[in-house]
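Here is the file entry19.pdb (PDB, C-alpha atoms).
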```
ATOM      1  CA  MET W   1      52.213 105.966 -14.812
ATOM      2  CA  SER W   2      52.262 106.397 -11.087
ATOM      3  CA  LEU W   3      49.506 108.946 -10.707
ATOM      4  CA  LEU W   4      47.532 106.442  -8.710
ATOM      5  CA  ASP W   5      50.332 106.074  -6.221
ATOM      6  CA  LEU W   6      50.725 109.811  -6.015
ATOM      7  CA  LEU W   7      47.053 110.330  -5.292
ATOM      8  CA  PHE W   8      46.469 107.576  -2.830
ATOM      9  CA  GLY W   9      49.856 106.424  -1.699
ATOM     10  CA  GLN W  10      50.485 109.470   0.412
ATOM     11  CA  LYS W  11      47.114 110.799   1.299
ATOM     12  CA  GLN W  12      44.738 107.984   2.105
ATOM     13  CA  LYS W  13      46.518 106.470   5.060
ATOM     14  CA  THR W  14      43.348 106.718   7.112
ATOM     15  CA  ALA W  15      41.432 104.467   4.772
ATOM     16  CA  SER W  16      41.375 101.477   7.074
ATOM     17  CA  VAL W  17      37.646 101.904   7.615
ATOM     18  CA  ALA W  18      35.549 100.406   4.830
ATOM     19  CA  LYS W  19      34.395 103.589   3.191
ATOM     20  CA  GLU W  20      34.279 104.550  -0.421
ATOM     21  CA  ARG W  21      35.931 107.727  -1.533
ATOM     22  CA  LEU W  22      35.755 109.635  -4.730
ATOM     23  CA  GLN W  23      38.316 112.210  -5.652
ATOM     24  CA  LEU W  24      37.770 114.534  -8.540
ATOM     25  CA  ILE W  25      40.562 116.714  -9.789
ATOM     26  CA  ILE W  26      40.219 119.252 -12.525
ATOM     27  CA  ALA W  27      43.498 120.764 -13.555
ATOM     28  CA  ARG W  28      43.584 123.547 -16.031
ATOM     29  CA  GLU W  29      46.543 125.016 -17.769
ATOM     30  CA  ARG W  30      45.835 128.436 -19.135
ATOM     31  CA  SER W  31      47.668 129.838 -22.090
ATOM     32  CA  GLY W  32      48.385 133.192 -20.504
ATOM     33  CA  GLU W  33      47.027 136.404 -21.983
ATOM     34  CA  GLN W  34      44.237 135.165 -24.175
ATOM     35  CA  SER W  35      42.618 132.821 -21.692
ATOM     36  CA  SER W  36      38.970 132.009 -21.687
ATOM     37  CA  PRO W  37      36.962 132.952 -18.588
ATOM     38  CA  ASP W  38      37.260 131.231 -15.262
ATOM     39  CA  PHE W  39      34.662 128.500 -15.418
ATOM     40  CA  LEU W  40      35.947 126.039 -12.848
ATOM     41  CA  PRO W  41      33.612 127.053  -9.993
ATOM     42  CA  GLN W  42      30.474 126.576 -12.110
ATOM     43  CA  LEU W  43      31.917 123.460 -13.657
ATOM     44  CA  GLN W  44      32.503 122.040 -10.208
ATOM     45  CA  GLN W  45      28.840 122.446  -9.271
ATOM     46  CA  GLU W  46      27.695 120.665 -12.380
ATOM     47  CA  LEU W  47      30.183 117.867 -12.000
ATOM     48  CA  ILE W  48      29.029 117.194  -8.457
ATOM     49  CA  ALA W  49      25.450 117.142  -9.733
ATOM     50  CA  VAL W  50      26.408 114.531 -12.312
ATOM     51  CA  ILE W  51      28.227 112.417  -9.756
ATOM     52  CA  SER W  52      25.177 112.594  -7.493
ATOM     53  CA  LYS W  53      23.196 110.772 -10.144
ATOM     54  CA  TYR W  54      25.428 107.727  -9.756
ATOM     55  CA  VAL W  55      26.155 107.695  -6.063
ATOM     56  CA  LYS W  56      24.478 109.188  -3.050
ATOM     57  CA  VAL W  57      26.461 112.196  -1.942
ATOM     58  CA  ASN W  58      25.897 114.201   1.213
ATOM     59  CA  GLN W  59      26.800 117.843   0.793
ATOM     60  CA  ASP W  60      28.564 117.694   4.149
ATOM     61  CA  ASP W  61      30.921 115.028   2.864
ATOM     62  CA  ILE W  62      32.241 117.132   0.029
ATOM     63  CA  LYS W  63      35.507 118.958   0.500
ATOM     64  CA  VAL W  64      36.584 121.369  -2.191
ATOM     65  CA  SER W  65      39.837 123.207  -2.661
ATOM     66  CA  LEU W  66      41.039 125.441  -5.456
ATOM     67  CA  GLU W  67      44.703 126.060  -5.958
ATOM     68  CA  LYS W  68      46.226 128.538  -8.377
ATOM     69  CA  LYS W  69      49.793 128.963  -9.403
ATOM     70  CA  ASN W  70      51.056 130.839 -12.419
ATOM     71  CA  ASN W  71      49.058 129.570 -15.367
ATOM     72  CA  PHE W  72      47.731 126.547 -13.532
ATOM     73  CA  GLU W  73      44.513 126.036 -11.667
ATOM     74  CA  VAL W  74      43.680 122.869  -9.816
ATOM     75  CA  LEU W  75      40.252 122.221  -8.425
ATOM     76  CA  GLU W  76      40.143 119.273  -6.085
ATOM     77  CA  VAL W  77      36.923 117.724  -4.853
ATOM     78  CA  ASN W  78      37.021 115.004  -2.245
ATOM     79  CA  ILE W  79      33.872 113.062  -1.520
ATOM     80  CA  VAL W  80      33.357 110.426   1.127
ATOM     81  CA  LEU W  81      30.577 108.186  -0.091
ATOM     82  CA  PRO W  82      28.030 106.757   2.321
ATOM     83  CA  GLU W  83      28.603 103.103   3.060
ATOM     84  CA  VAL W  84      26.912 100.855   0.551
ATOM     85  CA  GLY W  85      25.394  98.788   3.315
ATOM     86  CA  GLN W  86      23.312 101.736   4.502
ATOM     87  CA  ALA W  87      21.159 101.603   1.417
ATOM     88  CA  ARG W  88      19.927  98.088   2.149
TER      89      ARG W  88
ATOM     90  CA  MET X   1      49.770 120.619  -1.078
ATOM     91  CA  SER X   2      51.944 119.836  -4.054
ATOM     92  CA  LEU X   3      49.391 118.082  -6.209
ATOM     93  CA  LEU X   4      49.729 120.825  -8.752
ATOM     94  CA  ASP X   5      53.424 120.225  -9.065
ATOM     95  CA  LEU X   6      52.852 116.507  -9.322
ATOM     96  CA  LEU X   7      50.339 116.890 -12.108
ATOM     97  CA  PHE X   8      52.071 119.473 -14.210
ATOM     98  CA  GLY X   9      55.626 119.597 -13.019
ATOM     99  CA  GLN X  10      56.566 116.318 -14.587
ATOM    100  CA  LYS X  11      54.173 115.860 -17.414
ATOM    101  CA  GLN X  12      53.608 119.108 -19.222
ATOM    102  CA  LYS X  13      57.111 119.810 -20.424
ATOM    103  CA  THR X  14      55.829 120.236 -23.956
ATOM    104  CA  ALA X  15      53.590 123.138 -23.025
ATOM    105  CA  SER X  16      55.711 125.798 -24.627
ATOM    106  CA  VAL X  17      53.042 126.396 -27.264
ATOM    107  CA  ALA X  18      50.217 128.615 -26.045
ATOM    108  CA  LYS X  19      47.539 126.005 -25.698
ATOM    109  CA  GLU X  20      45.072 125.428 -22.951
ATOM    110  CA  ARG X  21      44.825 122.037 -21.377
ATOM    111  CA  LEU X  22      42.285 120.538 -19.100
ATOM    112  CA  GLN X  23      43.002 117.451 -17.089
ATOM    113  CA  LEU X  24      40.233 115.631 -15.312
ATOM    114  CA  ILE X  25      41.027 112.918 -12.838
ATOM    115  CA  ILE X  26      38.440 110.815 -11.121
ATOM    116  CA  ALA X  27      39.899 108.599  -8.479
ATOM    117  CA  ARG X  28      37.735 106.122  -6.684
ATOM    118  CA  GLU X  29      38.584 104.082  -3.665
ATOM    119  CA  ARG X  30      36.326 101.099  -3.286
ATOM    120  CA  SER X  31      35.624  99.528   0.046
ATOM    121  CA  GLY X  32      36.187  95.962  -1.122
ATOM    122  CA  GLU X  33      33.408  93.400  -0.971
ATOM    123  CA  GLN X  34      30.339  95.566  -0.778
ATOM    124  CA  SER X  35      31.203  97.963  -3.545
ATOM    125  CA  SER X  36      28.660  99.746  -5.633
ATOM    126  CA  PRO X  37      28.715  99.092  -9.388
ATOM    127  CA  ASP X  38      31.375 100.349 -11.721
ATOM    128  CA  PHE X  39      30.031 103.668 -12.912
ATOM    129  CA  LEU X  40      33.193 105.434 -13.991
ATOM    130  CA  PRO X  41      32.822 104.849 -17.746
ATOM    131  CA  GLN X  42      29.328 106.344 -17.856
ATOM    132  CA  LEU X  43      30.386 109.098 -15.496
ATOM    133  CA  GLN X  44      33.236 109.965 -17.800
ATOM    134  CA  GLN X  45      30.892 110.467 -20.749
ATOM    135  CA  GLU X  46      28.669 112.789 -18.773
ATOM    136  CA  LEU X  47      31.554 114.764 -17.357
ATOM    137  CA  ILE X  48      32.944 115.400 -20.826
ATOM    138  CA  ALA X  49      29.485 116.511 -21.922
ATOM    139  CA  VAL X  50      29.375 118.999 -19.052
ATOM    140  CA  ILE X  51      32.837 120.316 -19.825
ATOM    141  CA  SER X  52      31.832 120.755 -23.453
ATOM    142  CA  LYS X  53      29.262 123.293 -22.348
ATOM    143  CA  TYR X  54      32.000 125.571 -21.052
ATOM    144  CA  VAL X  55      34.749 125.067 -23.568
ATOM    145  CA  LYS X  56      34.866 123.839 -27.120
ATOM    146  CA  VAL X  57      36.210 120.333 -27.101
ATOM    147  CA  ASN X  58      37.119 118.263 -30.139
ATOM    148  CA  GLN X  59      36.562 114.575 -29.591
ATOM    149  CA  ASP X  60      39.943 113.931 -31.216
ATOM    150  CA  ASP X  61      41.674 115.971 -28.543
ATOM    151  CA  ILE X  62      40.414 113.847 -25.667
ATOM    152  CA  LYS X  63      42.681 111.187 -24.270
ATOM    153  CA  VAL X  64      41.254 108.832 -21.693
ATOM    154  CA  SER X  65      42.988 106.245 -19.568
ATOM    155  CA  LEU X  66      41.639 104.034 -16.828
ATOM    156  CA  GLU X  67      43.968 102.511 -14.289
ATOM    157  CA  LYS X  68      43.005  99.942 -11.682
ATOM    158  CA  LYS X  69      44.995  98.681  -8.768
ATOM    159  CA  ASN X  70      43.641  96.796  -5.806
ATOM    160  CA  ASN X  71      40.693  98.817  -4.514
ATOM    161  CA  PHE X  72      41.588 101.892  -6.483
ATOM    162  CA  GLU X  73      40.409 103.084  -9.834
ATOM    163  CA  VAL X  74      41.723 106.185 -11.526
ATOM    164  CA  LEU X  75      40.140 107.609 -14.617
ATOM    165  CA  GLU X  76      42.238 110.242 -16.298
ATOM    166  CA  VAL X  77      40.920 112.481 -19.049
ATOM    167  CA  ASN X  78      43.273 114.824 -20.848
ATOM    168  CA  ILE X  79      41.832 117.461 -23.106
ATOM    169  CA  VAL X  80      43.714 119.896 -25.279
ATOM    170  CA  LEU X  81      41.494 122.907 -25.770
ATOM    171  CA  PRO X  82      41.407 124.749 -29.065
ATOM    172  CA  GLU X  83      43.245 128.037 -28.968
ATOM    173  CA  VAL X  84      41.068 130.869 -27.782
ATOM    174  CA  GLY X  85      42.164 133.008 -30.689
ATOM    175  CA  GLN X  86      40.502 130.657 -33.153
ATOM    176  CA  ALA X  87      37.057 131.636 -31.929
ATOM    177  CA  ARG X  88      37.469 135.281 -32.850
TER     178      ARG X  88
END
```

Let me see whether you can do it: turn the structure in this file into structure tokens.
Amino acid sequence: MSLLDLLFGQKQKTASVAKERLQLIIARERSGEQSSPDFLPQLQQELIAVISKYVKVNQDDIKVSLEKKNNFEVLEVNIVLPEVGQAR
Amino acid sequence: MSLLDLLFGQKQKTASVAKERLQLIIARERSGEQSSPDFLPQLQQELIAVISKYVKVNQDDIKVSLEKKNNFEVLEVNIVLPEVGQAR
């Protein structure tokens, strides 16, 4: 499974600085006609709230994108975490 | 951005049946020495709990995999949602 390479191999070239990053991807495949309502935007808010319980997250460091294509929806949330050393 | 194609283009060939799927990916890039603790397993539990508020999820239909490589951790959660028609 090369998902890891796909996610980071191409996109995180700028990661030479010692920062932590968290990437959250929610991909939804709808079944077409009889789909349930669009809940991704609310879900996203709650997920970020949950993540905030574990790590300090600045709202400014959250980048969100929503992509739709046919029956697919992909919500991508990129978070740059504050450096661990700052908390000391 | 072709993340959508990467996620579904290769892996969801069996999606001819009208089912809904939800894929959750949490990718974490650690900064090396001064990393914060490993919180992904607990995070995963909470995220599934949040998702369960929006859609009915059977525990049996959740597949989880955790992949680690160097400073990267990728938690992948695949959920097959019950057919919407069943709820009627």

Counting only C-alpha atoms, chain W residues within 6 Å of chain X, as a PyMOL selection string: chain W and resi 18-31

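Between CA of Pro41 (chain X) and CA of Gln59 (chain X) lies a distance of 15.8 Å.
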
Atom-to-atom span, CA of Leu66 (chain W) and CA of Ala49 (chain W), Å: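 Answer for the CA of Leu66 (chain W) to CA of Ala49 (chain W) separation: 18.2 Å.
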
Computed interatomic separation between CA of Asn58 (chain W) and CA of Ser65 (chain X) (Å):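 Value for the CA of Asn58 (chain W)-CA of Ser65 (chain X) distance: 28.1 Å.
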